Amino acid sequence: MVETPAKNPLFPIFVKLHTLNLLLVGGGYVALEKLATLLINSPDAKIKLVAGIISNDVHAVLKEHNIPFEERDFEVRDLEDVDLAIVAINDGQISSKIAAACKERKVLTNVADQPAICDFYLGSVVQKGNLKIAISTNGKSPTIAKRIKEMLNETIPDEMEDLLNNMQRIRNGLKGDFTEKVKQLDAITSVLIDNKNKKSVFRTFLYMLSYIIAILFLMIAGYYILSALL
Ligand SMILES: C[C@@]1(CC(=O)O)C2=NC(=C\c3[nH]c(c(CCC(=O)O)c3CC(=O)O)Cc3[nH]c(c(CC(=O)O)c3CCC(=O)O)/C=C3\N/C(=C\2)[C@@H](CCC(=O)O)[C@]3(C)CC(=O)O)/[C@H]1CCC(=O)O
Ligand SMILES: NC(=O)c1ccc[n+]([C@@H]2O[C@H](COP(=O)([O-])OP(=O)(O)OC[C@H]3O[C@@H](n4cnc5c(N)ncnc54)[C@H](O)[C@@H]3O)[C@@H](O)[C@H]2O)c1
């Protein structure tokens with residue numbers, strides 16, 4: 001049976017950007033950030049960039065990674081053969097028009113910082129070798145997503161890559177049917193959850209953070225109530 005719906009209805013997927021065509025519209029600061037995120041995660045992503053003005057920093061990344069670009073305003077023909085688009089321009093009305101043109105052509109679109117017209121959001125990404133964790137707050141607080149990423153980056157040991165490689169070797173060497181393999185893999189890895197009843201550093205971090213935020217919220221609310229009364 002399907003479980004009750006989660007509070008965050010976004011469905012996470014891991015996309016093979018090296019097999020898809022991605023259009024990035026914009027050549028300023030935000031486009032630079034998106035470009036960096038794309039390349040860190042998917043160095044072989046098939047990206048094309050279009051922007052009225054391309055900053056020197058963006059130019060440098062385009063050159064370094066051999067990414068095709070055109071220095072002119074977006075035109076609908078840019079969407080030909082495009083699977084995904086990220087729009088990072090400084091004009092909300094034009095962004096909405098580009099998003100509408102994308103929708104018409106069934107191109108999935110992210111408009112930086114405009115959740116209402118996005119088909120998908122970018123997440124904060126934790127990477128330890130082959131392990132990748134994507135974090136979403138359903139758009140509520142990208143800053144918290146960033147902090148949790150930093151926390152996980154610090155707490156997940158670098159040895160994770162060795163663990164994954166060893167597990168792959170064991171997995172490839174296992175005999176028996178599917179159920180038997182799952183049983184053996186569960187048994188080998190059970191040590192990882194044996195400590196589940198102990199309070200983890202991560203949980204303590206989250207408790208502390210939520211208390212601090214609650215206290216700050218009360219202080220700010222108190223300030224506004226008092227200044228309205230006085
Ligand atoms: C995760 C990350 C991925 C990435 O972009 O690569 C990401 N934003 C990041 C950072 C960040 N963005 C903003 C700040 C300033 C502080 C703050 O506002 O908190 C910071 C923090 C910083 O930069 O330190 C501003 C901001 N962002 C959005 C709005 C509009 C709104 O909320 O209405 C505004 C207000 C703009 C304004 O005020 O003008 C909206 C979105 N930002 C999202 C993703 C999607 C939801 C993700 C989620 O579910 O949490 C969503 C919905 C759509 C999207 O853009 O995809 C990246 C983490 C970087 C990392 O991991 O290091
Ligand atoms: N810079 C930030 O830290 C920041 C933070 C939050 C939100 N934002 C928002 O993100 C958006 C982009 O910010 P930015 O700092 O990258 O702006 P920017 O001014 O540095 O760059 C804007 C880019 O959009 C391009 N552009 C504008 N219209 C275009 C069109 N029709 N076709 C193609 N390219 C076009 C410009 O040529 C330029 O390259 C803005 O809406 C801004 O309010 C920025």
# chains A, B, ... in the order shown; residues from 1 in each chain; ligands from 1
>>> closest_atom_pairs(of="chain A", to="ligand 1", cutoff="6 Å", atoms="only C-alpha atoms and all ligand atoms", output="CSV")
residue,atom,partner,partner_atom_place_in_ligand_line,distance
A:Lys34,CA,ligand 1,6 (O),5.7
A:Thr37,CA,ligand 1,6 (O),5.9
A:Ala112,CA,ligand 1,55 (O),3.8
A:Asp113,CA,ligand 1,28 (C),3.8
A:Gln114,CA,ligand 1,30 (C),5.2
A:Pro115,CA,ligand 1,52 (C),4.5
A:Tyr121,CA,ligand 1,56 (O),3.7
A:Leu122,CA,ligand 1,56 (O),4.1
A:Gly123,CA,ligand 1,1 (C),4.0
A:Ser124,CA,ligand 1,61 (O),3.7
A:Val125,CA,ligand 1,61 (O),5.9
A:Ser136,CA,ligand 1,49 (O),3.7
A:Thr137,CA,ligand 1,49 (O),3.8
A:Asn138,CA,ligand 1,49 (O),3.8
A:Gly139,CA,ligand 1,49 (O),3.6
A:Lys140,CA,ligand 1,50 (O),5.8
A:Ser141,CA,ligand 1,19 (O),4.9
A:Pro142,CA,ligand 1,50 (O),3.8
A:Thr143,CA,ligand 1,19 (O),4.2
A:Ala145,CA,ligand 1,50 (O),5.3
A:Lys146,CA,ligand 1,61 (O),4.1
>>> write_last_selection(atoms="N, CA and C atoms", output="mmCIF file, in the first residue's frame")
data_model
loop_
_atom_site.group_PDB
_atom_site.id
_atom_site.type_symbol
_atom_site.label_atom_id
_atom_site.label_comp_id
_atom_site.auth_asym_id
_atom_site.auth_seq_id
_atom_site.Cartn_x
_atom_site.Cartn_y
_atom_site.Cartn_z
ATOM 1 N N LYS A 34 24.918 28.784 -10.698
ATOM 2 C CA LYS A 34 24.238 27.600 -11.242
ATOM 3 C C LYS A 34 25.221 26.769 -12.062
ATOM 4 N N THR A 37 27.445 24.818 -9.764
ATOM 5 C CA THR A 37 26.712 23.666 -9.185
ATOM 6 C C THR A 37 26.568 22.549 -10.216
ATOM 7 N N ALA A 112 15.550 30.571 -11.353
ATOM 8 C CA ALA A 112 16.264 30.810 -10.096
ATOM 9 C C ALA A 112 15.475 31.765 -9.211
ATOM 10 N N ASP A 113 15.262 31.337 -7.993
ATOM 11 C CA ASP A 113 14.602 32.156 -6.970
ATOM 12 C C ASP A 113 13.142 32.489 -7.249
ATOM 13 N N GLN A 114 12.513 31.793 -8.218
ATOM 14 C CA GLN A 114 11.075 32.029 -8.453
ATOM 15 C C GLN A 114 10.318 30.698 -8.390
ATOM 16 N N PRO A 115 10.126 30.200 -7.161
ATOM 17 C CA PRO A 115 9.535 28.872 -6.997
ATOM 18 C C PRO A 115 8.208 28.688 -7.732
ATOM 19 N N TYR A 121 13.160 22.246 -8.477
ATOM 20 C CA TYR A 121 14.071 23.087 -7.694
ATOM 21 C C TYR A 121 15.439 22.437 -7.694
ATOM 22 N N LEU A 122 16.458 23.250 -7.521
ATOM 23 C CA LEU A 122 17.783 22.702 -7.268
ATOM 24 C C LEU A 122 17.883 22.466 -5.764
ATOM 25 N N GLY A 123 18.652 21.462 -5.387
ATOM 26 C CA GLY A 123 18.801 21.174 -3.959
ATOM 27 C C GLY A 123 20.213 21.458 -3.504
ATOM 28 N N SER A 124 20.406 21.411 -2.199
ATOM 29 C CA SER A 124 21.770 21.460 -1.666
ATOM 30 C C SER A 124 22.328 20.049 -1.772
ATOM 31 N N VAL A 125 23.576 19.928 -2.189
ATOM 32 C CA VAL A 125 24.096 18.589 -2.475
ATOM 33 C C VAL A 125 25.323 18.251 -1.635
ATOM 34 N N SER A 136 16.268 19.077 0.231
ATOM 35 C CA SER A 136 15.242 20.067 -0.117
ATOM 36 C C SER A 136 14.479 20.461 1.140
ATOM 37 N N THR A 137 14.162 21.744 1.266
ATOM 38 C CA THR A 137 13.289 22.186 2.358
ATOM 39 C C THR A 137 11.936 22.592 1.776
ATOM 40 N N ASN A 138 11.658 22.121 0.578
ATOM 41 C CA ASN A 138 10.434 22.500 -0.128
ATOM 42 C C ASN A 138 10.377 24.016 -0.321
ATOM 43 N N GLY A 139 11.558 24.607 -0.507
ATOM 44 C CA GLY A 139 11.628 26.049 -0.760
ATOM 45 C C GLY A 139 11.488 26.900 0.499
ATOM 46 N N LYS A 140 11.351 26.259 1.667
ATOM 47 C CA LYS A 140 11.108 27.054 2.885
ATOM 48 C C LYS A 140 12.350 27.786 3.356
ATOM 49 N N SER A 141 13.502 27.146 3.278
ATOM 50 C CA SER A 141 14.718 27.821 3.708
ATOM 51 C C SER A 141 15.970 27.222 3.061
ATOM 52 N N PRO A 142 16.371 27.785 1.899
ATOM 53 C CA PRO A 142 17.600 27.310 1.259
ATOM 54 C C PRO A 142 18.803 27.419 2.198
ATOM 55 N N THR A 143 18.750 28.376 3.121
ATOM 56 C CA THR A 143 19.875 28.530 4.052
ATOM 57 C C THR A 143 19.991 27.321 4.975
ATOM 58 N N ALA A 145 18.947 24.340 4.184
ATOM 59 C CA ALA A 145 19.430 23.262 3.309
ATOM 60 C C ALA A 145 20.959 23.321 3.220
ATOM 61 N N LYS A 146 21.481 24.550 3.066
ATOM 62 C CA LYS A 146 22.940 24.731 2.969
ATOM 63 C C LYS A 146 23.629 24.297 4.264
#
>>> select_by_dssp(residues="region 29-215 of chain A", states="strand (DSSP E)", output="MDAnalysis selection string")
chainID A and resid 46:50 69:70 84:87 108:111 124:128 131:135
>>> residues_around(residues="His18 (chain A)", least_positions_apart="5", cutoff="8 Å", atoms="only C-alpha atoms", output="list in words")
Ser42, Asp44, Ala45 and Lys46 of chain A
>>> write_last_selection(atoms="N, CA and C atoms", output="PDB file, in the first residue's frame")
ATOM      1  N   SER A  42      27.976  17.364 -12.246  1.00  0.00           N
ATOM      2  CA  SER A  42      27.965  16.646 -13.526  1.00  0.00           C
ATOM      3  C   SER A  42      28.963  17.300 -14.483  1.00  0.00           C
ATOM      4  N   ASP A  44      30.399  16.408 -17.046  1.00  0.00           N
ATOM      5  CA  ASP A  44      30.200  16.209 -18.482  1.00  0.00           C
ATOM      6  C   ASP A  44      28.803  16.628 -18.947  1.00  0.00           C
ATOM      7  N   ALA A  45      28.140  17.448 -18.140  1.00  0.00           N
ATOM      8  CA  ALA A  45      26.792  17.892 -18.509  1.00  0.00           C
ATOM      9  C   ALA A  45      26.829  18.586 -19.861  1.00  0.00           C
ATOM     10  N   LYS A  46      25.768  18.343 -20.665  1.00  0.00           N
ATOM     11  CA  LYS A  46      25.705  18.994 -21.985  1.00  0.00           C
ATOM     12  C   LYS A  46      24.954  20.320 -21.827  1.00  0.00           C
TER      13      LYS A  46
END
>>> closest_atom_pairs(of="chain A", to="ligand 2", cutoff="10 Å", atoms="only C-alpha atoms and all ligand atoms", output="tab-separated table")
residue	atom	partner	partner_atom_place_in_ligand_line	distance
A:Leu24	CA	ligand 2	33 (C)	9.1
A:Val25	CA	ligand 2	33 (C)	5.5
A:Gly26	CA	ligand 2	24 (O)	4.0
A:Gly27	CA	ligand 2	39 (O)	3.4
A:Gly28	CA	ligand 2	20 (O)	3.3
A:Tyr29	CA	ligand 2	16 (O)	3.9
A:Val30	CA	ligand 2	16 (O)	3.6
A:Ala31	CA	ligand 2	16 (O)	5.5
A:Leu32	CA	ligand 2	16 (O)	7.4
A:Glu33	CA	ligand 2	16 (O)	8.5
A:Lys34	CA	ligand 2	16 (O)	9.5
A:Leu49	CA	ligand 2	33 (C)	9.0
A:Val50	CA	ligand 2	33 (C)	5.7
A:Ala51	CA	ligand 2	34 (N)	3.5
A:Gly52	CA	ligand 2	37 (O)	3.5
A:Ile53	CA	ligand 2	37 (O)	3.6
A:Ile54	CA	ligand 2	39 (O)	5.0
A:Ser55	CA	ligand 2	39 (O)	6.7
A:Val58	CA	ligand 2	39 (O)	9.0
A:Glu70	CA	ligand 2	33 (C)	9.3
A:Glu71	CA	ligand 2	37 (O)	8.0
A:Arg72	CA	ligand 2	33 (C)	6.2
A:Asp73	CA	ligand 2	32 (N)	3.4
A:Phe74	CA	ligand 2	32 (N)	3.8
A:Glu75	CA	ligand 2	32 (N)	7.4
A:Val87	CA	ligand 2	34 (N)	8.5
A:Ala88	CA	ligand 2	12 (C)	5.0
A:Ile89	CA	ligand 2	24 (O)	3.4
A:Asn90	CA	ligand 2	41 (O)	3.7
A:Asp91	CA	ligand 2	41 (O)	5.7
A:Gly92	CA	ligand 2	41 (O)	6.3
A:Gln93	CA	ligand 2	31 (N)	9.4
A:Ile94	CA	ligand 2	31 (N)	6.0
A:Ser95	CA	ligand 2	31 (N)	7.7
A:Lys97	CA	ligand 2	31 (N)	9.4
A:Ile98	CA	ligand 2	31 (N)	8.4
A:Val111	CA	ligand 2	10 (O)	8.8
A:Ala112	CA	ligand 2	10 (O)	6.1
A:Asp113	CA	ligand 2	7 (C)	5.9
A:Gln114	CA	ligand 2	41 (O)	8.6
>>> closest_residue(among="A:Val126, A:Ala134, A:Leu229, A:Ile40", to="Asn153 (chain A)", atoms="only C-alpha atoms")
A:Val126
>>> select_by_dssp(residues="region 8-222 of chain A", states="alpha helix (DSSP H)", output="ChimeraX atom specification")
/A:29-41,56-64,92-104,142-155,160-173,178-189,201-222
>>> write_last_selection(atoms="C-alpha atoms", output="short mmCIF file (atom, residue, chain, number, x, y, z; two decimals), in the first residue's frame")
data_model
loop_
_atom_site.label_atom_id
_atom_site.label_comp_id
_atom_site.auth_asym_id
_atom_site.auth_seq_id
_atom_site.Cartn_x
_atom_site.Cartn_y
_atom_site.Cartn_z
CA TYR A 29 26.28 36.21 -10.79
CA VAL A 30 23.40 33.76 -10.31
CA ALA A 31 24.15 32.05 -13.65
CA LEU A 32 27.75 31.64 -12.47
CA GLU A 33 26.54 29.92 -9.29
CA LYS A 34 24.24 27.60 -11.24
CA LEU A 35 27.04 26.80 -13.69
CA ALA A 36 29.36 25.91 -10.81
CA THR A 37 26.71 23.67 -9.19
CA LEU A 38 26.04 21.93 -12.49
CA LEU A 39 29.71 21.30 -13.24
CA ILE A 40 30.65 20.16 -9.72
CA ASN A 41 27.90 17.56 -9.83
CA ASN A 56 34.13 37.78 -17.32
CA ASP A 57 33.81 35.10 -14.62
CA VAL A 58 31.16 33.22 -16.59
CA HIS A 59 33.25 33.60 -19.78
CA ALA A 60 36.19 32.01 -17.97
CA VAL A 61 34.15 28.96 -16.88
CA LEU A 62 32.67 28.57 -20.37
CA LYS A 63 36.15 28.60 -21.87
CA GLU A 64 37.62 26.23 -19.28
CA GLY A 92 10.93 38.65 -13.79
CA GLN A 93 8.55 39.29 -16.68
CA ILE A 94 10.91 37.89 -19.31
CA SER A 95 11.64 34.93 -17.00
CA SER A 96 7.90 34.16 -16.89
CA LYS A 97 7.71 34.36 -20.70
CA ILE A 98 10.68 32.02 -21.08
CA ALA A 99 9.13 29.61 -18.54
CA ALA A 100 5.86 29.67 -20.54
CA ALA A 101 7.71 28.95 -23.81
CA CYS A 102 9.46 26.04 -22.04
CA LYS A 103 6.16 24.65 -20.77
CA GLU A 104 4.70 24.78 -24.30
CA PRO A 142 17.60 27.31 1.26
CA THR A 143 19.88 28.53 4.05
CA ILE A 144 18.90 25.60 6.28
CA ALA A 145 19.43 23.26 3.31
CA LYS A 146 22.94 24.73 2.97
CA ARG A 147 23.66 24.32 6.70
CA ILE A 148 22.50 20.70 6.75
CA LYS A 149 24.72 20.07 3.73
CA GLU A 150 27.70 21.52 5.62
CA MET A 151 26.83 19.47 8.70
CA LEU A 152 26.61 16.22 6.69
CA ASN A 153 29.81 17.05 4.81
CA GLU A 154 31.60 17.27 8.15
CA THR A 155 30.02 14.21 9.78
CA MET A 160 32.63 6.37 2.80
CA GLU A 161 34.13 5.87 -0.67
CA ASP A 162 36.13 2.82 0.52
CA LEU A 163 32.99 1.44 2.15
CA LEU A 164 31.03 1.83 -1.08
CA ASN A 165 33.78 0.20 -3.14
CA ASN A 166 34.03 -2.73 -0.73
CA MET A 167 30.25 -3.15 -0.69
CA GLN A 168 30.22 -3.18 -4.48
CA ARG A 169 32.84 -5.96 -4.50
CA ILE A 170 30.85 -7.98 -1.96
CA ARG A 171 27.62 -7.33 -3.88
CA ASN A 172 29.14 -8.56 -7.14
CA GLY A 173 30.50 -11.68 -5.44
CA PHE A 178 17.56 -11.81 -4.84
CA THR A 179 15.98 -12.31 -1.38
CA GLU A 180 19.05 -14.18 -0.13
CA LYS A 181 21.37 -11.42 -1.43
CA VAL A 182 19.29 -8.71 0.29
CA LYS A 183 19.44 -10.72 3.56
CA GLN A 184 23.23 -11.02 3.37
CA LEU A 185 23.76 -7.33 2.48
CA ASP A 186 21.41 -6.28 5.33
CA ALA A 187 23.37 -8.45 7.78
CA ILE A 188 26.75 -7.06 6.69
CA THR A 189 25.60 -3.45 7.03
CA VAL A 201 25.63 14.60 16.87
CA PHE A 202 23.42 15.46 13.93
CA ARG A 203 20.22 15.20 15.98
CA THR A 204 21.72 17.37 18.72
CA PHE A 205 22.67 19.94 16.06
CA LEU A 206 19.12 20.02 14.73
CA TYR A 207 17.60 20.34 18.24
CA MET A 208 19.93 23.20 19.08
CA LEU A 209 19.28 24.96 15.79
CA SER A 210 15.50 24.74 16.15
CA TYR A 211 15.66 26.08 19.75
CA ILE A 212 17.85 29.00 18.67
CA ILE A 213 15.52 29.81 15.78
CA ALA A 214 12.42 29.53 18.04
CA ILE A 215 14.01 31.90 20.60
CA LEU A 216 14.99 34.36 17.86
CA PHE A 217 11.46 34.20 16.45
CA LEU A 218 9.95 34.90 19.90
CA MET A 219 12.33 37.82 20.40
CA ILE A 220 11.45 39.36 17.03
CA ALA A 221 7.69 38.77 17.55
CA GLY A 222 7.96 40.26 21.08
#
